[in-house]
Amino acid sequence: MKKAKYNQGDMLRYSNKIGDFGWAELCVITEVFTLPDDASLFYRVMWLGEETEEMVYHISHLDNSTMYSTVMRGQ
């Protein structure tokens, strides 16, 4: 099984720039898990801000993306 790039408790910064417009958001990894019928790894993240929402990402989506960077490692 592939090792996860991020761990539970890590805070990530998502940044996107389109033309002159850009934005950044923070999220925290709340869980790294596999599904019972799939050995692939997934991340559950909680977005921080006024309208918080929880999302699940397939590990390759987050690990291979250049739009995410580590802000702080969880302990």
# chains A, B, ... in the order shown; residues from 1 in each chain; ligands from 1
$ residues_around --residues "range 61-64 of chain A" --least-positions-apart "2" --cutoff "10 Å" --atoms "only C-alpha atoms" --output "ChimeraX atom specification"
/A:4-6,42-43,57-59,66-69
$ residues_around --residues "Glu54 in chain A" --least-positions-apart "4" --cutoff "8 Å" --atoms "only C-alpha atoms" --output "PyMOL selection string"
chain A and resi 44-47
$ atom_distance --atom1 "CA of Asn7 in chain A" --atom2 "CA of Leu35 in chain A"
17.0 Å
$ closest_residue --among "A:Phe21, A:Asn16, A:Val28, A:Val56" --to "Gly74 in chain A" --atoms "only C-alpha atoms"
A:Val28
$ select_by_dssp --residues "chain A" --states "strand (DSSP E or B)" --output "ChimeraX atom specification"
/A:11-18,21-35,38-47,54-58,68-72
$ residues_around --residues "Lys2 in chain A" --least-positions-apart "4" --cutoff "10 Å" --atoms "only C-alpha atoms" --output "VMD selection string"
chain A and resid 39 to 41 59
$ atom_distance --atom1 "CA of Gln75 in chain A" --atom2 "CA of Glu31 in chain A"
13.4 Å
$ select_by_dssp --residues "chain A" --states "alpha helix (DSSP H)" --output "list in words"
Ile59, Ser60, His61, Leu62 and Asp63 of chain A
$ atom_distance --atom1 "CA of Gly22 in chain A" --atom2 "CA of Gln8 in chain A"
27.3 Å
$ decode --residues "chain A" --atoms "C-alpha atoms" --output "PDB file, in the first residue's frame"
ATOM      1  CA  MET A   1       0.000   0.000   0.000  1.00  0.00           C
ATOM      2  CA  LYS A   2       1.240   3.480  -0.872  1.00  0.00           C
ATOM      3  CA  LYS A   3       2.137   5.751   2.064  1.00  0.00           C
ATOM      4  CA  ALA A   4       0.019   8.862   2.444  1.00  0.00           C
ATOM      5  CA  LYS A   5       1.782  12.175   1.800  1.00  0.00           C
ATOM      6  CA  TYR A   6      -0.275  13.890   4.515  1.00  0.00           C
ATOM      7  CA  ASN A   7      -1.357  12.720   7.965  1.00  0.00           C
ATOM      8  CA  GLN A   8      -4.358  13.292  10.184  1.00  0.00           C
ATOM      9  CA  GLY A   9      -4.064  16.756  11.756  1.00  0.00           C
ATOM     10  CA  ASP A  10      -2.035  18.312   8.922  1.00  0.00           C
ATOM     11  CA  MET A  11      -3.215  21.760   7.832  1.00  0.00           C
ATOM     12  CA  LEU A  12      -3.052  22.461   4.105  1.00  0.00           C
ATOM     13  CA  ARG A  13      -3.341  25.618   2.053  1.00  0.00           C
ATOM     14  CA  TYR A  14      -5.226  25.425  -1.216  1.00  0.00           C
ATOM     15  CA  SER A  15      -4.389  28.217  -3.633  1.00  0.00           C
ATOM     16  CA  ASN A  16      -5.675  28.890  -7.097  1.00  0.00           C
ATOM     17  CA  LYS A  17      -4.895  31.750  -9.445  1.00  0.00           C
ATOM     18  CA  ILE A  18      -6.896  32.338 -12.589  1.00  0.00           C
ATOM     19  CA  GLY A  19      -5.757  35.380 -14.539  1.00  0.00           C
ATOM     20  CA  ASP A  20      -5.696  38.366 -12.178  1.00  0.00           C
ATOM     21  CA  PHE A  21      -8.060  36.663  -9.765  1.00  0.00           C
ATOM     22  CA  GLY A  22      -6.825  34.242  -7.108  1.00  0.00           C
ATOM     23  CA  TRP A  23      -7.766  32.870  -3.738  1.00  0.00           C
ATOM     24  CA  ALA A  24      -6.468  30.655  -0.938  1.00  0.00           C
ATOM     25  CA  GLU A  25      -8.272  28.504   1.599  1.00  0.00           C
ATOM     26  CA  LEU A  26      -7.198  26.350   4.546  1.00  0.00           C
ATOM     27  CA  CYS A  27      -8.233  22.808   5.357  1.00  0.00           C
ATOM     28  CA  VAL A  28      -7.311  20.175   7.943  1.00  0.00           C
ATOM     29  CA  ILE A  29      -6.923  16.452   7.276  1.00  0.00           C
ATOM     30  CA  THR A  30      -9.354  14.801   9.705  1.00  0.00           C
ATOM     31  CA  GLU A  31      -8.864  11.194   8.569  1.00  0.00           C
ATOM     32  CA  VAL A  32      -6.729   9.032   6.260  1.00  0.00           C
ATOM     33  CA  PHE A  33      -8.578   5.810   5.438  1.00  0.00           C
ATOM     34  CA  THR A  34      -9.263   2.951   3.030  1.00  0.00           C
ATOM     35  CA  LEU A  35     -12.594   1.502   1.991  1.00  0.00           C
ATOM     36  CA  PRO A  36     -13.391  -2.133   2.845  1.00  0.00           C
ATOM     37  CA  ASP A  37     -13.491  -3.207  -0.803  1.00  0.00           C
ATOM     38  CA  ASP A  38     -10.710  -0.905  -2.055  1.00  0.00           C
ATOM     39  CA  ALA A  39      -7.082  -0.712  -0.897  1.00  0.00           C
ATOM     40  CA  SER A  40      -6.760   2.865  -2.202  1.00  0.00           C
ATOM     41  CA  LEU A  41      -6.152   5.599   0.351  1.00  0.00           C
ATOM     42  CA  PHE A  42      -8.513   8.524   0.856  1.00  0.00           C
ATOM     43  CA  TYR A  43      -8.348  11.773   2.834  1.00  0.00           C
ATOM     44  CA  ARG A  44     -11.261  13.329   4.675  1.00  0.00           C
ATOM     45  CA  VAL A  45     -10.718  17.078   4.994  1.00  0.00           C
ATOM     46  CA  MET A  46     -12.542  19.835   6.846  1.00  0.00           C
ATOM     47  CA  TRP A  47     -12.427  23.222   5.160  1.00  0.00           C
ATOM     48  CA  LEU A  48     -11.910  26.172   7.528  1.00  0.00           C
ATOM     49  CA  GLY A  49     -13.770  29.432   7.233  1.00  0.00           C
ATOM     50  CA  GLU A  50     -17.226  30.888   7.509  1.00  0.00           C
ATOM     51  CA  GLU A  51     -18.935  28.062   5.627  1.00  0.00           C
ATOM     52  CA  THR A  52     -17.106  24.926   6.750  1.00  0.00           C
ATOM     53  CA  GLU A  53     -17.737  21.755   4.839  1.00  0.00           C
ATOM     54  CA  GLU A  54     -16.276  18.266   4.913  1.00  0.00           C
ATOM     55  CA  MET A  55     -15.053  16.567   1.749  1.00  0.00           C
ATOM     56  CA  VAL A  56     -13.396  13.284   0.813  1.00  0.00           C
ATOM     57  CA  TYR A  57     -10.544  13.151  -1.717  1.00  0.00           C
ATOM     58  CA  HIS A  58      -8.898  10.157  -3.336  1.00  0.00           C
ATOM     59  CA  ILE A  59      -5.283  10.240  -2.185  1.00  0.00           C
ATOM     60  CA  SER A  60      -3.823  10.698  -5.664  1.00  0.00           C
ATOM     61  CA  HIS A  61      -5.927  13.839  -6.150  1.00  0.00           C
ATOM     62  CA  LEU A  62      -4.372  15.566  -3.135  1.00  0.00           C
ATOM     63  CA  ASP A  63      -0.881  14.051  -3.306  1.00  0.00           C
ATOM     64  CA  ASN A  64      -0.352  14.890  -6.988  1.00  0.00           C
ATOM     65  CA  SER A  65      -1.900  18.360  -6.938  1.00  0.00           C
ATOM     66  CA  THR A  66       0.326  21.443  -7.088  1.00  0.00           C
ATOM     67  CA  MET A  67      -2.487  23.560  -5.604  1.00  0.00           C
ATOM     68  CA  TYR A  68      -2.001  22.191  -2.051  1.00  0.00           C
ATOM     69  CA  SER A  69       0.879  22.945   0.278  1.00  0.00           C
ATOM     70  CA  THR A  70       1.536  22.054   3.914  1.00  0.00           C
ATOM     71  CA  VAL A  71       1.022  24.899   6.382  1.00  0.00           C
ATOM     72  CA  MET A  72       1.486  22.890   9.566  1.00  0.00           C
ATOM     73  CA  ARG A  73       2.048  19.242  10.433  1.00  0.00           C
ATOM     74  CA  GLY A  74      -0.303  17.622  12.976  1.00  0.00           C
ATOM     75  CA  GLN A  75       1.135  15.977  16.068  1.00  0.00           C
TER      76      GLN A  75
END
